[in-house]
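Shown next, in structure tokens, is the structure this report addresses.
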Amino acid sequence: MTCEKEPASPDPQGSGSDSRVQYPGWYTSEFQTKEGTHYTIRPIRSDDELNMVAFHGELSEETVYRRYFAPLRLDVRVAHERLAKRCLLDYPNEMALVATYPGANGEEKLAAVARLIKIENTKAAEVAFLVSDKHQHRGLGTYLLERMIEIAKKDGLEAVEALVLTENFDMNNLFRRAGFKFLAPEGSTLMARLELVPTPGC
Ligand SMILES: CC(C)(COP(=O)(O)OP(=O)(O)OC[C@H]1O[C@@H](n2cnc3c(N)ncnc32)[C@H](O)[C@@H]1OP(=O)(O)O)[C@@H](O)C(=O)NCCC(=O)NCCS
């Protein structure tokens, strides 16, 4: 696992519109599947709102249910007030990485969103993942989980955790492989938690 370093100067490829804090462009990376499909992974930007609307429009009901534990309607998911908050981040407290790929006309499209949200007054963060149906089972979830663990360590966090449906075998397998431990299920959900060991040099 590598440890990325912050650049000395602001990233010129940053959004330019997120004036509150510097855009953390140093978390941009490339991922290629075994089959050769290529994705760019980068922090979300405030101008990703329309990308997010299109992304949500491609999700199946099952994928939505697994992420939100409820059948959250499309119009609720893409409401401007909601998406604006999820695209314009206070990066020191919250990080979201998106996986992008070129659409048929060369436009940028989103295949996945991963979030890491610090839990107030703790040294832990919550993680959550959403890969659109046609991009699942290509390794994106595994790659994004690795990136989130790397970011959490770099930020000095001591643990990451996630609430997940007991029946969500894809996500639970990913967590298990990454070394997460599971608390006893409560109802239909369980808590997965990974205690972090700092990476030397980070
Ligand atoms: C759970 C979720 C994030 C997993 O993402 P993903 O991108 O499908 O995950 P991966 O591709 O890394 O791994 C999933 C499976 O595909 C396999 N896989 C990975 N690359 C592959 C490839 N190139 N070809 C075929 N299979 C592949 C993995 O081995 C894994 O299989 P296994 O668990 O049976 O061993 C995704 O399914 C999702 O968004 N689900 C709905 C929302 C959700 O559940 N969110 C979690 C809430 S915290």
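Residue numbering restarts at 1 in every chain; chains get A, B, ... in the order shown in the structure tokens, and ligands count up from 1 in that same order.
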
Problem set entry | Given 8 Å and only C-alpha atoms and all ligand atoms, residues near ligand 1 as a PyMOL selection string | chain A and resi 33-35+62-68+112+127-133+135-143+162-165+168-174

Restricted to N, CA and C atoms, what would the selected residues look like written as a tab-separated table (two decimals), in the first residue's frame?
```tsv
chain	number	residue	atom	x	y	z
A	33	THR	N	-9.23	-2.52	-14.53
A	33	THR	CA	-9.74	-3.86	-14.18
A	33	THR	C	-8.90	-4.92	-14.89
A	34	LYS	N	-9.11	-6.17	-14.46
A	34	LYS	CA	-8.40	-7.29	-15.09
A	34	LYS	C	-8.70	-7.33	-16.59
A	35	GLU	N	-9.92	-6.88	-16.93
A	35	GLU	CA	-10.35	-6.93	-18.34
A	35	GLU	C	-9.84	-5.73	-19.13
A	62	GLU	N	-32.30	-2.65	-5.95
A	62	GLU	CA	-31.56	-3.48	-4.99
A	62	GLU	C	-30.28	-2.78	-4.52
A	63	THR	N	-29.57	-2.18	-5.47
A	63	THR	CA	-28.34	-1.46	-5.11
A	63	THR	C	-28.66	-0.29	-4.17
A	64	VAL	N	-29.75	0.44	-4.46
A	64	VAL	CA	-30.16	1.56	-3.59
A	64	VAL	C	-30.49	1.03	-2.20
A	65	TYR	N	-31.22	-0.07	-2.14
A	65	TYR	CA	-31.63	-0.62	-0.84
A	65	TYR	C	-30.40	-1.03	-0.03
A	66	ARG	N	-29.43	-1.63	-0.70
A	66	ARG	CA	-28.24	-2.10	0.03
A	66	ARG	C	-27.43	-0.93	0.59
A	67	ARG	N	-27.48	0.19	-0.10
A	67	ARG	CA	-26.70	1.35	0.37
A	67	ARG	C	-27.45	2.11	1.47
A	68	TYR	N	-28.78	2.30	1.28
A	68	TYR	CA	-29.52	3.17	2.20
A	68	TYR	C	-30.45	2.41	3.14
A	112	ALA	N	-18.91	5.01	-9.59
A	112	ALA	CA	-18.94	4.68	-8.16
A	112	ALA	C	-18.66	5.91	-7.31
A	127	VAL	N	-17.36	4.62	6.74
A	127	VAL	CA	-17.17	4.50	5.29
A	127	VAL	C	-18.44	3.94	4.66
A	128	ALA	N	-18.67	4.31	3.40
A	128	ALA	CA	-19.82	3.78	2.65
A	128	ALA	C	-19.45	3.75	1.17
A	129	PHE	N	-20.01	2.79	0.46
A	129	PHE	CA	-19.66	2.57	-0.95
A	129	PHE	C	-20.91	2.38	-1.79
A	130	LEU	N	-20.84	2.90	-3.01
A	130	LEU	CA	-21.94	2.74	-3.96
A	130	LEU	C	-21.36	2.62	-5.36
A	131	VAL	N	-21.43	1.41	-5.91
A	131	VAL	CA	-20.93	1.15	-7.26
A	131	VAL	C	-22.16	0.89	-8.13
A	132	SER	N	-22.27	1.56	-9.28
A	132	SER	CA	-23.47	1.37	-10.10
A	132	SER	C	-23.46	-0.05	-10.68
A	133	ASP	N	-24.66	-0.55	-10.92
A	133	ASP	CA	-24.83	-1.98	-11.20
A	133	ASP	C	-23.90	-2.51	-12.29
A	135	HIS	N	-21.10	-1.62	-13.21
A	135	HIS	CA	-19.67	-1.56	-12.90
A	135	HIS	C	-19.30	-2.41	-11.68
A	136	GLN	N	-20.29	-3.14	-11.14
A	136	GLN	CA	-20.00	-4.00	-9.99
A	136	GLN	C	-19.23	-5.24	-10.45
A	137	HIS	N	-18.56	-5.88	-9.50
A	137	HIS	CA	-17.80	-7.12	-9.76
A	137	HIS	C	-16.68	-6.91	-10.79
A	138	ARG	N	-16.06	-5.75	-10.72
A	138	ARG	CA	-14.88	-5.47	-11.57
A	138	ARG	C	-13.68	-5.08	-10.72
A	139	GLY	N	-13.86	-5.06	-9.41
A	139	GLY	CA	-12.75	-4.71	-8.53
A	139	GLY	C	-12.78	-3.28	-8.01
A	140	LEU	N	-13.78	-2.48	-8.45
A	140	LEU	CA	-13.83	-1.07	-8.02
A	140	LEU	C	-14.04	-0.95	-6.51
A	141	GLY	N	-14.96	-1.74	-5.96
A	141	GLY	CA	-15.24	-1.68	-4.53
A	141	GLY	C	-13.99	-1.97	-3.71
A	142	THR	N	-13.27	-3.01	-4.11
A	142	THR	CA	-12.04	-3.38	-3.41
A	142	THR	C	-11.03	-2.24	-3.48
A	143	TYR	N	-10.86	-1.68	-4.67
A	143	TYR	CA	-9.88	-0.60	-4.85
A	143	TYR	C	-10.27	0.63	-4.02
A	162	ALA	N	-18.44	0.68	9.42
A	162	ALA	CA	-19.57	0.82	8.50
A	162	ALA	C	-20.73	-0.02	9.02
A	163	LEU	N	-21.91	0.52	8.84
A	163	LEU	CA	-23.13	-0.25	9.12
A	163	LEU	C	-23.54	-0.88	7.80
A	164	VAL	N	-23.79	-2.17	7.82
A	164	VAL	CA	-24.06	-2.87	6.56
A	164	VAL	C	-25.16	-3.92	6.79
A	165	LEU	N	-25.93	-4.17	5.74
A	165	LEU	CA	-26.97	-5.18	5.86
A	165	LEU	C	-26.33	-6.56	6.04
A	168	ASN	N	-25.86	-8.47	2.94
A	168	ASN	CA	-25.07	-7.85	1.86
A	168	ASN	C	-23.71	-8.56	1.75
A	169	PHE	N	-23.74	-9.74	1.13
A	169	PHE	CA	-22.55	-10.59	1.10
A	169	PHE	C	-21.40	-9.93	0.34
A	170	ASP	N	-21.69	-9.21	-0.76
A	170	ASP	CA	-20.62	-8.57	-1.52
A	170	ASP	C	-19.81	-7.62	-0.63
A	171	MET	N	-20.53	-6.74	0.09
A	171	MET	CA	-19.85	-5.76	0.93
A	171	MET	C	-19.17	-6.44	2.11
A	172	ASN	N	-19.86	-7.39	2.73
A	172	ASN	CA	-19.27	-8.07	3.89
A	172	ASN	C	-18.02	-8.85	3.49
A	173	ASN	N	-18.02	-9.43	2.30
A	173	ASN	CA	-16.80	-10.14	1.83
A	173	ASN	C	-15.64	-9.17	1.65
A	174	LEU	N	-15.95	-8.00	1.08
A	174	LEU	CA	-14.90	-6.98	0.90
A	174	LEU	C	-14.31	-6.58	2.25
```

Problem set entry | Which of region 2-162 of chain A fall in strand (DSSP E), as a PyMOL selection string | chain A and resi 29-32+38-43+94-102+108-118+124-131+159-162

Output N, CA and C atoms of each residue in that selection to a file, as a short mmCIF file (atom, residue, chain, number, x, y, z; two decimals), in the first residue's frame.
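Output file result.cif follows:
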```cif
data_model
loop_
_atom_site.label_atom_id
_atom_site.label_comp_id
_atom_site.auth_asym_id
_atom_site.auth_seq_id
_atom_site.Cartn_x
_atom_site.Cartn_y
_atom_site.Cartn_z
N SER A 29 -6.17 8.99 -8.61
CA SER A 29 -5.37 7.82 -9.02
C SER A 29 -6.08 7.13 -10.19
N GLU A 30 -5.43 6.14 -10.75
CA GLU A 30 -6.01 5.40 -11.88
C GLU A 30 -6.21 3.95 -11.47
N PHE A 31 -7.31 3.37 -11.96
CA PHE A 31 -7.57 1.95 -11.69
C PHE A 31 -7.94 1.25 -12.99
N GLN A 32 -7.32 0.11 -13.21
CA GLN A 32 -7.64 -0.68 -14.40
C GLN A 32 -8.09 -2.07 -13.97
N HIS A 38 -10.68 1.10 -17.79
CA HIS A 38 -9.88 2.09 -17.08
C HIS A 38 -10.79 3.10 -16.38
N TYR A 39 -10.51 3.39 -15.12
CA TYR A 39 -11.27 4.40 -14.36
C TYR A 39 -10.29 5.40 -13.74
N THR A 40 -10.72 6.65 -13.68
CA THR A 40 -9.98 7.64 -12.89
C THR A 40 -10.71 7.81 -11.57
N ILE A 41 -9.96 7.73 -10.49
CA ILE A 41 -10.53 7.89 -9.14
C ILE A 41 -10.08 9.27 -8.65
N ARG A 42 -11.04 10.11 -8.26
CA ARG A 42 -10.66 11.46 -7.79
C ARG A 42 -11.64 11.91 -6.72
N PRO A 43 -11.23 12.86 -5.87
CA PRO A 43 -12.18 13.41 -4.91
C PRO A 43 -13.36 14.08 -5.63
N GLU A 94 -14.55 15.23 5.82
CA GLU A 94 -15.28 14.27 5.00
C GLU A 94 -14.57 14.13 3.66
N MET A 95 -14.50 12.92 3.15
CA MET A 95 -13.90 12.71 1.83
C MET A 95 -14.85 11.83 1.02
N ALA A 96 -14.98 12.15 -0.24
CA ALA A 96 -15.70 11.25 -1.15
C ALA A 96 -14.85 11.11 -2.40
N LEU A 97 -14.63 9.86 -2.79
CA LEU A 97 -13.93 9.59 -4.04
C LEU A 97 -14.96 9.11 -5.05
N VAL A 98 -14.84 9.59 -6.29
CA VAL A 98 -15.70 9.08 -7.37
C VAL A 98 -14.80 8.34 -8.36
N ALA A 99 -15.37 7.30 -8.98
CA ALA A 99 -14.69 6.60 -10.07
C ALA A 99 -15.33 7.09 -11.35
N THR A 100 -14.52 7.64 -12.25
CA THR A 100 -15.06 8.22 -13.49
C THR A 100 -14.55 7.44 -14.70
N TYR A 101 -15.35 7.51 -15.78
CA TYR A 101 -14.94 6.88 -17.04
C TYR A 101 -15.57 7.70 -18.17
N PRO A 102 -15.03 7.63 -19.39
CA PRO A 102 -15.60 8.41 -20.48
C PRO A 102 -16.86 7.77 -21.05
N GLU A 108 -17.60 12.88 -19.15
CA GLU A 108 -17.20 12.16 -17.95
C GLU A 108 -18.43 11.56 -17.27
N LYS A 109 -18.38 10.28 -16.92
CA LYS A 109 -19.50 9.63 -16.23
C LYS A 109 -18.99 9.03 -14.92
N LEU A 110 -19.90 8.81 -13.97
CA LEU A 110 -19.52 8.24 -12.68
C LEU A 110 -19.92 6.77 -12.62
N ALA A 111 -19.01 5.95 -12.14
CA ALA A 111 -19.28 4.53 -11.95
C ALA A 111 -19.46 4.19 -10.47
N ALA A 112 -18.91 5.01 -9.59
CA ALA A 112 -18.94 4.68 -8.16
C ALA A 112 -18.66 5.91 -7.31
N VAL A 113 -19.16 5.86 -6.08
CA VAL A 113 -18.88 6.91 -5.09
C VAL A 113 -18.55 6.21 -3.77
N ALA A 114 -17.47 6.62 -3.15
CA ALA A 114 -17.11 6.08 -1.83
C ALA A 114 -16.95 7.25 -0.87
N ARG A 115 -17.46 7.09 0.34
CA ARG A 115 -17.40 8.19 1.31
C ARG A 115 -16.70 7.77 2.59
N LEU A 116 -16.02 8.76 3.19
CA LEU A 116 -15.39 8.57 4.49
C LEU A 116 -15.75 9.79 5.32
N ILE A 117 -16.51 9.60 6.37
CA ILE A 117 -17.01 10.73 7.17
C ILE A 117 -16.52 10.57 8.60
N LYS A 118 -15.75 11.56 9.07
CA LYS A 118 -15.22 11.46 10.43
C LYS A 118 -16.37 11.51 11.44
N ALA A 124 -12.31 8.01 14.71
CA ALA A 124 -12.83 7.00 13.78
C ALA A 124 -13.64 7.69 12.69
N ALA A 125 -13.87 6.96 11.61
CA ALA A 125 -14.70 7.48 10.52
C ALA A 125 -15.59 6.37 10.00
N GLU A 126 -16.70 6.81 9.42
CA GLU A 126 -17.63 5.86 8.81
C GLU A 126 -17.33 5.81 7.31
N VAL A 127 -17.36 4.62 6.74
CA VAL A 127 -17.17 4.50 5.29
C VAL A 127 -18.44 3.94 4.66
N ALA A 128 -18.67 4.31 3.40
CA ALA A 128 -19.82 3.78 2.65
C ALA A 128 -19.45 3.75 1.17
N PHE A 129 -20.01 2.79 0.46
CA PHE A 129 -19.66 2.57 -0.95
C PHE A 129 -20.91 2.38 -1.79
N LEU A 130 -20.84 2.90 -3.01
CA LEU A 130 -21.94 2.74 -3.96
C LEU A 130 -21.36 2.62 -5.36
N VAL A 131 -21.43 1.41 -5.91
CA VAL A 131 -20.93 1.15 -7.26
C VAL A 131 -22.16 0.89 -8.13
N ALA A 159 -9.58 4.08 13.45
CA ALA A 159 -10.51 3.02 13.06
C ALA A 159 -11.45 3.53 11.97
N VAL A 160 -11.91 2.62 11.13
CA VAL A 160 -13.00 2.94 10.21
C VAL A 160 -14.08 1.89 10.42
N GLU A 161 -15.32 2.32 10.27
CA GLU A 161 -16.41 1.38 10.50
C GLU A 161 -17.55 1.64 9.52
N ALA A 162 -18.44 0.68 9.42
CA ALA A 162 -19.57 0.82 8.50
C ALA A 162 -20.73 -0.02 9.02
#
```

Write out, as CSV, each residue of region 66-164 of chain A that has an atom at most 10 Å from region 21-25 of chain A, together with the closest pair of atoms and their distance in Å to one decimal, counting only C-alpha atoms, rows going by chain and rising number.
```
residue,atom,partner,partner_atom,distance
A:Leu88,CA,A:Val21,CA,10.0
A:Leu89,CA,A:Val21,CA,8.6
A:Asp90,CA,A:Val21,CA,6.9
A:Tyr91,CA,A:Val21,CA,7.0
A:Pro92,CA,A:Val21,CA,8.3
A:Met95,CA,A:Pro24,CA,9.2
```

Problem set entry | Polymer residues at most 6 Å from region 178-181 of chain A, only C-alpha atoms, same-chain spacing of 4 or more positions, as a PyMOL selection string | chain A and resi 192-194

Exercise. Distance CA of Gly103 (chain A)-CA of Phe55 (chain A), one decimal place?
Worked result: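 CA of Phe55 (chain A) lies at a distance of 11.8 Å from CA of Gly103 (chain A).
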
Seminar exercise, completed: Atom pair CA of Met191 (chain A) + CA of Glu167 (chain A), distance 12.5 Å

Exercise. For Leu157 (chain A), which of A:Ile44, A:Leu183, A:Leu190, A:Leu196 is the closest residue, counting only C-alpha atoms?
Worked result: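 Of A:Ile44, A:Leu183, A:Leu190, A:Leu196, the one nearest Leu157 (chain A) is A:Leu196, counting only C-alpha atoms.
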
Step one, run DSSP on the backbone; step two, keep only residues of region 17-185 of chain A assigned to alpha helix (DSSP H); then write them as a JSON list (two decimals) with C-alpha atoms, in the first residue's frame.
```json
[["chain", "number", "residue", "atom", "x", "y", "z"],
["A", 49, "GLU", "CA", -23.95, 17.44, -9.15],
["A", 50, "LEU", "CA", -25.16, 16.69, -12.69],
["A", 51, "ASN", "CA", -22.85, 13.68, -12.88],
["A", 52, "MET", "CA", -24.43, 12.46, -9.65],
["A", 53, "VAL", "CA", -27.96, 12.87, -11.04],
["A", 54, "ALA", "CA", -27.05, 10.66, -14.02],
["A", 55, "PHE", "CA", -25.29, 8.16, -11.74],
["A", 56, "HIS", "CA", -28.32, 7.80, -9.46],
["A", 57, "GLY", "CA", -30.55, 7.33, -12.51],
["A", 61, "GLU", "CA", -33.61, -0.73, -6.60],
["A", 62, "GLU", "CA", -31.56, -3.48, -4.99],
["A", 63, "THR", "CA", -28.34, -1.46, -5.11],
["A", 64, "VAL", "CA", -30.16, 1.56, -3.59],
["A", 65, "TYR", "CA", -31.63, -0.62, -0.84],
["A", 66, "ARG", "CA", -28.24, -2.10, 0.03],
["A", 67, "ARG", "CA", -26.70, 1.35, 0.37],
["A", 68, "TYR", "CA", -29.52, 3.17, 2.20],
["A", 74, "LEU", "CA", -34.79, 8.73, -7.28],
["A", 75, "ASP", "CA", -36.30, 12.22, -6.90],
["A", 76, "VAL", "CA", -35.30, 12.23, -3.23],
["A", 77, "ARG", "CA", -31.79, 11.01, -4.01],
["A", 80, "HIS", "CA", -30.56, 19.65, -5.31],
["A", 81, "GLU", "CA", -30.33, 20.39, -1.55],
["A", 82, "ARG", "CA", -29.20, 16.83, -0.89],
["A", 83, "LEU", "CA", -26.70, 16.48, -3.73],
["A", 84, "ALA", "CA", -25.20, 19.94, -3.22],
["A", 85, "LYS", "CA", -24.22, 18.93, 0.33],
["A", 86, "ARG", "CA", -22.77, 15.66, -0.92],
["A", 87, "CYS", "CA", -20.66, 17.30, -3.62],
["A", 140, "LEU", "CA", -13.83, -1.07, -8.02],
["A", 141, "GLY", "CA", -15.24, -1.68, -4.53],
["A", 142, "THR", "CA", -12.04, -3.38, -3.41],
["A", 143, "TYR", "CA", -9.88, -0.60, -4.85],
["A", 144, "LEU", "CA", -12.00, 2.18, -3.30],
["A", 145, "LEU", "CA", -11.93, 0.49, 0.11],
["A", 146, "GLU", "CA", -8.12, 0.33, -0.06],
["A", 147, "ARG", "CA", -7.98, 4.05, -0.96],
["A", 148, "MET", "CA", -10.30, 4.96, 1.93],
["A", 149, "ILE", "CA", -8.21, 3.00, 4.43],
["A", 150, "GLU", "CA", -5.11, 4.77, 3.10],
["A", 151, "ILE", "CA", -6.75, 8.20, 3.50],
["A", 152, "ALA", "CA", -7.99, 7.36, 7.01],
["A", 153, "LYS", "CA", -4.47, 6.35, 8.07],
["A", 154, "LYS", "CA", -2.97, 9.46, 6.53],
["A", 169, "PHE", "CA", -22.55, -10.59, 1.10],
["A", 170, "ASP", "CA", -20.62, -8.57, -1.52],
["A", 171, "MET", "CA", -19.85, -5.76, 0.93],
["A", 172, "ASN", "CA", -19.27, -8.07, 3.89],
["A", 173, "ASN", "CA", -16.80, -10.14, 1.83],
["A", 174, "LEU", "CA", -14.90, -6.98, 0.90],
["A", 175, "PHE", "CA", -14.73, -5.92, 4.54],
["A", 176, "ARG", "CA", -13.68, -9.39, 5.70],
["A", 177, "ARG", "CA", -10.88, -9.56, 3.14]]
```

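Among the candidates A:Arg45, A:Thr122, A:Phe69, A:Thr28, the one nearest to Thr166 (chain A) when counting only C-alpha atoms is A:Phe69.
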